[in-house]
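Here is the structure we will look at, set down as structure tokens.
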Amino acid sequence: MTIPKEYDPHIIEPKWRDSWDMSMYHFDWKDNSRPQFIIDTPPPYPTGNFHIGNSLNWCYIDFVARYKRMCGFNVMFPQGWDCHGLPTEVKVEEIHGITKNEVPREEFRNMCRELTVGNIEKMRQTMLDLGFSTDWSNEFVTMEPEYYSKTQRSFRKMYDMGRLYQSDHPVNWCPRCETAIAFAEVEYDSRETKLNFLNFDGLEIATTRPELLAACVAVAINPEDERYKQHLGSTVKVPLFGHDVNVIGDRDVDPSFGTGVVMICTFGDKQDVRWWIEHSLPLRKAIDKNGLMTELAGKYKGMTIPECKQAIIEDLSNEGYLYEQQSLEQNVGMCWRCDTPIEILSERQWFIKIDNDEISKAANEIEWLPDYMKVRLDNWNNTMEWDWCISRQRLFATPIPVWYCKECSEAMVAKEEWMPIDPTSEQPPEACKCGCKEFEAEEDVLDTWMDSSITALHVSGWLTDHEMRLPTQLRPQGHDIIRTWAFYTILRSMAIQGKKPWDSILINGMVLGEDGHKMSKSLGNVISPEEVIKDYSADSFRQWAAIGGSPGSDVMFRWKDVVSASRFFAKMWSIYRFSMSHLDEYEHSELDVSELKVVDKWLLSNLNRLIATVTDSMDKFQFDEAFKALRGFTWDVLADNYIELVKARLYGEDEAGKKAARYTLYVAIDALSRMLAPFAPFFAEEMFSRLGEGSVHVQSWPDVCDSLIDAEVESSGEFIKEVASNVRRYKSESGMALNAPLEKIEIYGNLDDLTDVLGVTNSPVEMMDGEPDFEHVPVNVKPNMGIIGPKFRGQAKAIINALTEANPKRIADEVTKGKITIDVDGESIELEPECVEIEKEVVSAGRSVDVLDISGIPVVIIR
Ligand SMILES: [Zn+2]
Ligand SMILES: [Zn+2]
């Protein structure tokens, strides 16, 4: 068989990518004979760019999916697309040069759909190029009716359970996105702001939000604060606006902050909401949904929040209310999509009740990998104060399946059999309880997490004809969405099915740039997987993913890892090519261990240890350990030693020895191609294509054969390896060709199989009993110039001459006695033994020999 000298991934990878029958990766819904392994794959947001962070996460998933399939599991590695959301709306507005309100609702939604379809195609291509074993028969697209009808049905089910309700409640609001957002979507960052000190009708208060004066509903002090106690229960007039508010006491007021007096507004922050509820304060709305000041703000009406702030500060100052300003570092909540500071507004919204105990219980039943990631969920779960706000004031999302009766305003929630439904384009087929048939559609839509939090339910067959297979086995995801995606999925799975969504959750880290910073366009350190594929290969990219770090920790992208990955494939290819040249017309059949040489057994013992290590690491998702073990074996054991040791047999005449070597090579190459398959699917397929029938990806994972792991055989093999390398070094130091024969090698040890020592040294080898009988004969005296020179100066040259001419044996005898005496120009001179070095020749049985000490065993070489 002809195998190209070089491995060219740019030919091999597209060849397999285009010819693979992807149905080999399909999950078999009807099969219950094999254990299931369902992966709750993240549905990425279709930006059109499957970035390096996605790619790393998906490499991990693919390693697991391929490994589990080979281990006999019925694996589902589905792929979803989480389509809805603001970024697509913004992009559509940008592309078409419109704002969402300039075109009809449905038309705008269609533009979003169109953009999404194109983006999915682009990302799908990257996935195919990276060689993922995706089960495309289980693809889902959240904007498609088949999927979002499930989102809507889950809404109805939870409504019926009483776990979903509508209420006027303060919510986080992004004035830029013009929508409510959930607490999980608020990100805190510290910003510098001004603390304004105001004369407040006899009290002095400090506030960072003077623009909310119109929304002031109370002034609060700590009831134990002696300075202000007497004001409790009194009323004060709000500066500029003139309405009266009560002075109330609350222990949460920090007397050491500002003046110790605070104003409570609806709503400056989360603490205002707490006080507002606790003290049953009235509601004053000074900011509207667009982030503009309302009627209540009087002359400031219509201003943006920053405009209003500036105007009010000027007025407070002009009218003598403002007496001091201080800089203050403040933690500000911001919209995670657009970084705009969020406002807290009270609006009628839909909420899902959060049962923290239920979530905690489920989280405890799930295996967290790495385990410390669970703390992030627990911390979030333990500090939740509000329910999950699920309504959004956007367009491109799953419609909330609700209408309101025009007569009695009662909400009519669509029945499951009417779904999918868009209430803005269809009226309910039934009349209201009051008899009225006229309805107002709910125009709000659902939070996209409402779609994505049912992925585990969806992939396990929920609301289909298939048998329900919850819990799934694995959820792989990033640590940045533990409090959203992981949290909501647990919540929904427990609420709807009363079961945990997954057995295990595997958290992966972020990819950092080569400079150690998070990749970002502004830092210019962004690497795309396509670049790596183009310059090297998909398999090299995957090898970087395997070896770059372990799941859970952030992983740095390094080109040098990709380079060493491609070098590994070049090395593996040369091993493979060499092996295959000896496996032409080889028919594989089991061979009895007795027919193997010790070196073969040594390799197989190491190979089985390797299989055990790699299997164990794969089970623990320690891909770096697994791949490092594979690389180490291939390089150090197979290439540098085994192949060198058995070359003579492979090229030789002894058929039995040749057969054993070919058998061993075949077994090793076959096992390596299988173990490389999860990591390097293209390369492994190319290897396997000349070894067996069908794709390597439907083969079984190699089993460990314990009986082949043999410590004694290993130490014999190690010894032979040492003999080979020592003799090789000996020849090279003696200026001999490596294949030059020696007259004889005598080994004073016990090795019953000399075949490969003979082969690799190309010399006769004999095992010897007992101890070698050596005589060390002095043959040369080397004067030590460094000592003689400085000590004897003018005489040095003559001394050196005398030493070199002296009888080496006599000088050696004198050295042992501690003093050397020589004649120099008739003068007798005494020298210390350090002044010379005696070169000796080893003589054994009257022949001059060289002796190597190999692992404590004398090996005598006769040239
Ligand atoms: Zn926003
Ligand atoms: Zn009605």
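Every chain in the structure tokens has a letter given in the order shown (A, B, ...), and although residue numbers restart at 1 in each chain, ligands are simply numbered from 1 in the order shown.
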Within 7 Å of Glu192 (chain A) using only C-alpha atoms, minus same-chain residues under 4 positions, as number ranges by chain: A: 327-330
Any chance you can output those residues with all heavy atoms as a PDB file, in the first residue's frame?
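And here's again32.pdb as it stands now:
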```pdb
ATOM      1  N   SER A 327     -16.540  62.863  46.024  1.00  0.00           N
ATOM      2  CA  SER A 327     -16.420  61.752  45.070  1.00  0.00           C
ATOM      3  C   SER A 327     -16.654  60.441  45.796  1.00  0.00           C
ATOM      4  O   SER A 327     -16.283  60.302  46.965  1.00  0.00           O
ATOM      5  CB  SER A 327     -15.030  61.744  44.438  1.00  0.00           C
ATOM      6  OG  SER A 327     -14.932  62.823  43.556  1.00  0.00           O
ATOM      7  N   LEU A 328     -17.244  59.495  45.095  1.00  0.00           N
ATOM      8  CA  LEU A 328     -17.573  58.212  45.720  1.00  0.00           C
ATOM      9  C   LEU A 328     -17.452  57.098  44.681  1.00  0.00           C
ATOM     10  O   LEU A 328     -17.937  57.225  43.565  1.00  0.00           O
ATOM     11  CB  LEU A 328     -19.013  58.276  46.260  1.00  0.00           C
ATOM     12  CG  LEU A 328     -19.526  57.050  46.996  1.00  0.00           C
ATOM     13  CD1 LEU A 328     -18.901  56.965  48.386  1.00  0.00           C
ATOM     14  CD2 LEU A 328     -21.050  57.098  47.117  1.00  0.00           C
ATOM     15  N   GLU A 329     -16.750  56.027  45.094  1.00  0.00           N
ATOM     16  CA  GLU A 329     -16.715  54.823  44.253  1.00  0.00           C
ATOM     17  C   GLU A 329     -17.978  54.039  44.558  1.00  0.00           C
ATOM     18  O   GLU A 329     -18.255  53.731  45.713  1.00  0.00           O
ATOM     19  CB  GLU A 329     -15.506  53.950  44.616  1.00  0.00           C
ATOM     20  CG  GLU A 329     -14.198  54.407  44.023  1.00  0.00           C
ATOM     21  CD  GLU A 329     -14.073  54.121  42.542  1.00  0.00           C
ATOM     22  OE1 GLU A 329     -14.384  52.991  42.119  1.00  0.00           O
ATOM     23  OE2 GLU A 329     -13.694  55.047  41.792  1.00  0.00           O
ATOM     24  N   GLN A 330     -18.749  53.731  43.544  1.00  0.00           N
ATOM     25  CA  GLN A 330     -20.008  53.052  43.817  1.00  0.00           C
ATOM     26  C   GLN A 330     -20.176  51.839  42.912  1.00  0.00           C
ATOM     27  O   GLN A 330     -19.772  51.859  41.752  1.00  0.00           O
ATOM     28  CB  GLN A 330     -21.149  54.037  43.575  1.00  0.00           C
ATOM     29  CG  GLN A 330     -22.420  53.638  44.284  1.00  0.00           C
ATOM     30  CD  GLN A 330     -23.556  54.568  43.948  1.00  0.00           C
ATOM     31  OE1 GLN A 330     -23.561  55.201  42.887  1.00  0.00           O
ATOM     32  NE2 GLN A 330     -24.535  54.643  44.834  1.00  0.00           N
TER      33      GLN A 330
END
```
Closest contacts (chain A/ligand 2, max 9 Å, only C-alpha atoms and all ligand atoms) as CSV:
```
residue,atom,partner,partner_atom_place_in_ligand_line,distance
A:Tyr404,CA,ligand 2,1 (Zn),7.7
A:Cys405,CA,ligand 2,1 (Zn),4.4
A:Lys406,CA,ligand 2,1 (Zn),6.5
A:Glu407,CA,ligand 2,1 (Zn),4.9
A:Cys408,CA,ligand 2,1 (Zn),4.0
A:Ser409,CA,ligand 2,1 (Zn),5.9
A:Glu410,CA,ligand 2,1 (Zn),5.5
A:Ala411,CA,ligand 2,1 (Zn),8.2
A:Met412,CA,ligand 2,1 (Zn),8.7
A:Ala431,CA,ligand 2,1 (Zn),7.9
A:Cys432,CA,ligand 2,1 (Zn),4.6
A:Lys433,CA,ligand 2,1 (Zn),5.6
A:Cys434,CA,ligand 2,1 (Zn),4.3
A:Gly435,CA,ligand 2,1 (Zn),6.3
A:Cys436,CA,ligand 2,1 (Zn),5.3
A:Lys437,CA,ligand 2,1 (Zn),7.8
A:Glu438,CA,ligand 2,1 (Zn),8.2
A:Phe439,CA,ligand 2,1 (Zn),8.3
```
With only C-alpha atoms and all ligand atoms counted, collect every polymer residue having an atom within 7 Å of ligand 1; state the result as a compact mmCIF listing (two decimals) with all heavy atoms, in the first residue's frame.
```txt
# COMPACT_ATOMS: atom_id res chain seq x y z
N CYS A 174 -33.53 47.95 31.74
CA CYS A 174 -32.46 48.57 30.96
C CYS A 174 -33.09 49.66 30.10
O CYS A 174 -33.87 49.35 29.20
CB CYS A 174 -31.72 47.56 30.09
SG CYS A 174 -30.53 48.39 29.02
N PRO A 175 -32.78 50.92 30.37
CA PRO A 175 -33.40 52.00 29.60
C PRO A 175 -32.97 51.99 28.14
O PRO A 175 -33.71 52.46 27.28
CB PRO A 175 -32.88 53.28 30.28
CG PRO A 175 -32.21 52.87 31.53
CD PRO A 175 -31.85 51.43 31.38
N ARG A 176 -31.80 51.44 27.85
CA ARG A 176 -31.36 51.41 26.46
C ARG A 176 -32.06 50.29 25.70
O ARG A 176 -32.58 50.47 24.61
CB ARG A 176 -29.85 51.22 26.37
CG ARG A 176 -29.26 51.69 25.04
CD ARG A 176 -28.00 50.94 24.66
NE ARG A 176 -28.32 49.56 24.34
CZ ARG A 176 -28.65 49.16 23.12
NH1 ARG A 176 -28.69 50.02 22.12
NH2 ARG A 176 -28.94 47.90 22.91
N CYS A 177 -32.09 49.08 26.30
CA CYS A 177 -32.76 47.95 25.66
C CYS A 177 -34.28 48.09 25.78
O CYS A 177 -35.03 47.35 25.15
CB CYS A 177 -32.31 46.64 26.28
SG CYS A 177 -30.54 46.34 26.16
N CYS A 335 -26.72 46.58 32.68
CA CYS A 335 -27.29 45.57 31.78
C CYS A 335 -26.15 44.75 31.20
O CYS A 335 -25.19 45.31 30.68
CB CYS A 335 -28.05 46.28 30.65
SG CYS A 335 -28.54 45.21 29.30
N TRP A 336 -26.22 43.44 31.28
CA TRP A 336 -25.11 42.60 30.84
C TRP A 336 -24.94 42.60 29.33
O TRP A 336 -23.90 42.25 28.81
CB TRP A 336 -25.25 41.18 31.38
CG TRP A 336 -26.18 40.28 30.61
CD1 TRP A 336 -27.37 40.60 30.05
CD2 TRP A 336 -25.97 38.90 30.32
NE1 TRP A 336 -27.93 39.52 29.45
CE2 TRP A 336 -27.08 38.45 29.61
CE3 TRP A 336 -24.94 38.00 30.62
CZ2 TRP A 336 -27.21 37.14 29.16
CZ3 TRP A 336 -25.09 36.68 30.18
CH2 TRP A 336 -26.20 36.27 29.46
N ARG A 337 -26.00 43.03 28.61
CA ARG A 337 -25.88 43.05 27.16
C ARG A 337 -25.24 44.34 26.67
O ARG A 337 -24.52 44.35 25.71
CB ARG A 337 -27.26 42.93 26.52
CG ARG A 337 -27.96 41.62 26.80
CD ARG A 337 -27.77 40.67 25.65
NE ARG A 337 -28.58 39.49 25.83
CZ ARG A 337 -28.15 38.25 25.62
NH1 ARG A 337 -26.92 38.05 25.23
NH2 ARG A 337 -28.95 37.22 25.79
N CYS A 338 -25.58 45.47 27.32
CA CYS A 338 -25.16 46.75 26.74
C CYS A 338 -24.46 47.67 27.72
O CYS A 338 -24.11 48.79 27.36
CB CYS A 338 -26.37 47.46 26.12
SG CYS A 338 -27.51 48.10 27.35
N ASP A 339 -24.23 47.21 28.97
CA ASP A 339 -23.46 47.99 29.94
C ASP A 339 -24.13 49.30 30.37
O ASP A 339 -23.47 50.16 30.95
CB ASP A 339 -22.05 48.33 29.41
CG ASP A 339 -21.09 47.17 29.65
OD1 ASP A 339 -21.48 46.23 30.37
OD2 ASP A 339 -19.97 47.22 29.13
N THR A 340 -25.39 49.49 30.06
CA THR A 340 -26.09 50.70 30.51
C THR A 340 -26.50 50.51 31.97
O THR A 340 -26.97 49.43 32.33
CB THR A 340 -27.36 50.91 29.66
OG1 THR A 340 -26.98 50.95 28.29
CG2 THR A 340 -28.09 52.18 30.03
```
Neighbour list for Arg17 (chain A) as an MDAnalysis selection string, cut-off 8 Å, only C-alpha atoms, skip fewer than 4 positions in-chain: chainID A and resid 13 128:129 131 682
Neighbour list for Met70 (chain A) as a list of chain:residue names, cut-off 9 Å, only C-alpha atoms, skip fewer than 5 positions in-chain: A:Ala65, A:Arg674, A:Pro678, A:His697, A:Val698, A:Gln699, A:Ser700, A:Trp701, A:Pro702
Each residue of region 317-427 of chain A lying at most 9 Å from region 268-281 of chain A should get a row with its shortest atom-to-atom pair and the distance in Å to one decimal, counting only C-alpha atoms; could you produce that, ordered by chain and increasing number, as JSON lines?
```
{"residue": "A:Gly333", "atom": "CA", "partner": "A:Asp269", "partner_atom": "CA", "distance": 8.9}
{"residue": "A:Glu343", "atom": "CA", "partner": "A:Gly268", "partner_atom": "CA", "distance": 7.4}
{"residue": "A:Ile344", "atom": "CA", "partner": "A:Asp269", "partner_atom": "CA", "distance": 6.6}
```
Output C-alpha atoms for every residue in the selection just made, as an mmCIF file, in the first residue's frame.
```cif
data_model
loop_
_atom_site.group_PDB
_atom_site.id
_atom_site.type_symbol
_atom_site.label_atom_id
_atom_site.label_comp_id
_atom_site.auth_asym_id
_atom_site.auth_seq_id
_atom_site.Cartn_x
_atom_site.Cartn_y
_atom_site.Cartn_z
ATOM 1 C CA GLY A 333 -25.758 47.508 38.385
ATOM 2 C CA GLU A 343 -32.976 51.412 36.711
ATOM 3 C CA ILE A 344 -35.482 49.790 38.998
#
```
Selected residue of minimal separation from Gly118 (chain A) among A:Asn54, A:Asn199, A:Thr47, A:Asn780, counting only C-alpha atoms: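 So, comparing all the options, the nearest one is A:Thr47.
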Contacts of Glu585 (chain A) at 12 Å (only C-alpha atoms; same-chain gap of 3+ positions) as number ranges by chain: A: 1, 580-582, 588, 659, 662, 666, 690-691
If you count only C-alpha atoms, which residues fall within 7 Å of region 237-241 of chain A, apart from same-chain ones fewer than 6 positions away, as an mmCIF file with C-alpha atoms, in the first residue's frame?
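The result, written out as selection39.cif:
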```cif
data_model
loop_
_atom_site.group_PDB
_atom_site.id
_atom_site.type_symbol
_atom_site.label_atom_id
_atom_site.label_comp_id
_atom_site.auth_asym_id
_atom_site.auth_seq_id
_atom_site.Cartn_x
_atom_site.Cartn_y
_atom_site.Cartn_z
ATOM 1 C CA PHE A 200 -33.433 68.741 53.432
ATOM 2 C CA ASP A 201 -35.920 70.823 55.339
ATOM 3 C CA ALA A 214 -39.346 63.673 42.578
#
```
Pairwise distance for CA of Trp485 (chain A) and CA of Thr41 (chain A), rounded to one decimal in Å: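 Pair CA of Trp485 (chain A) / CA of Thr41 (chain A) returns 11.7 Å.
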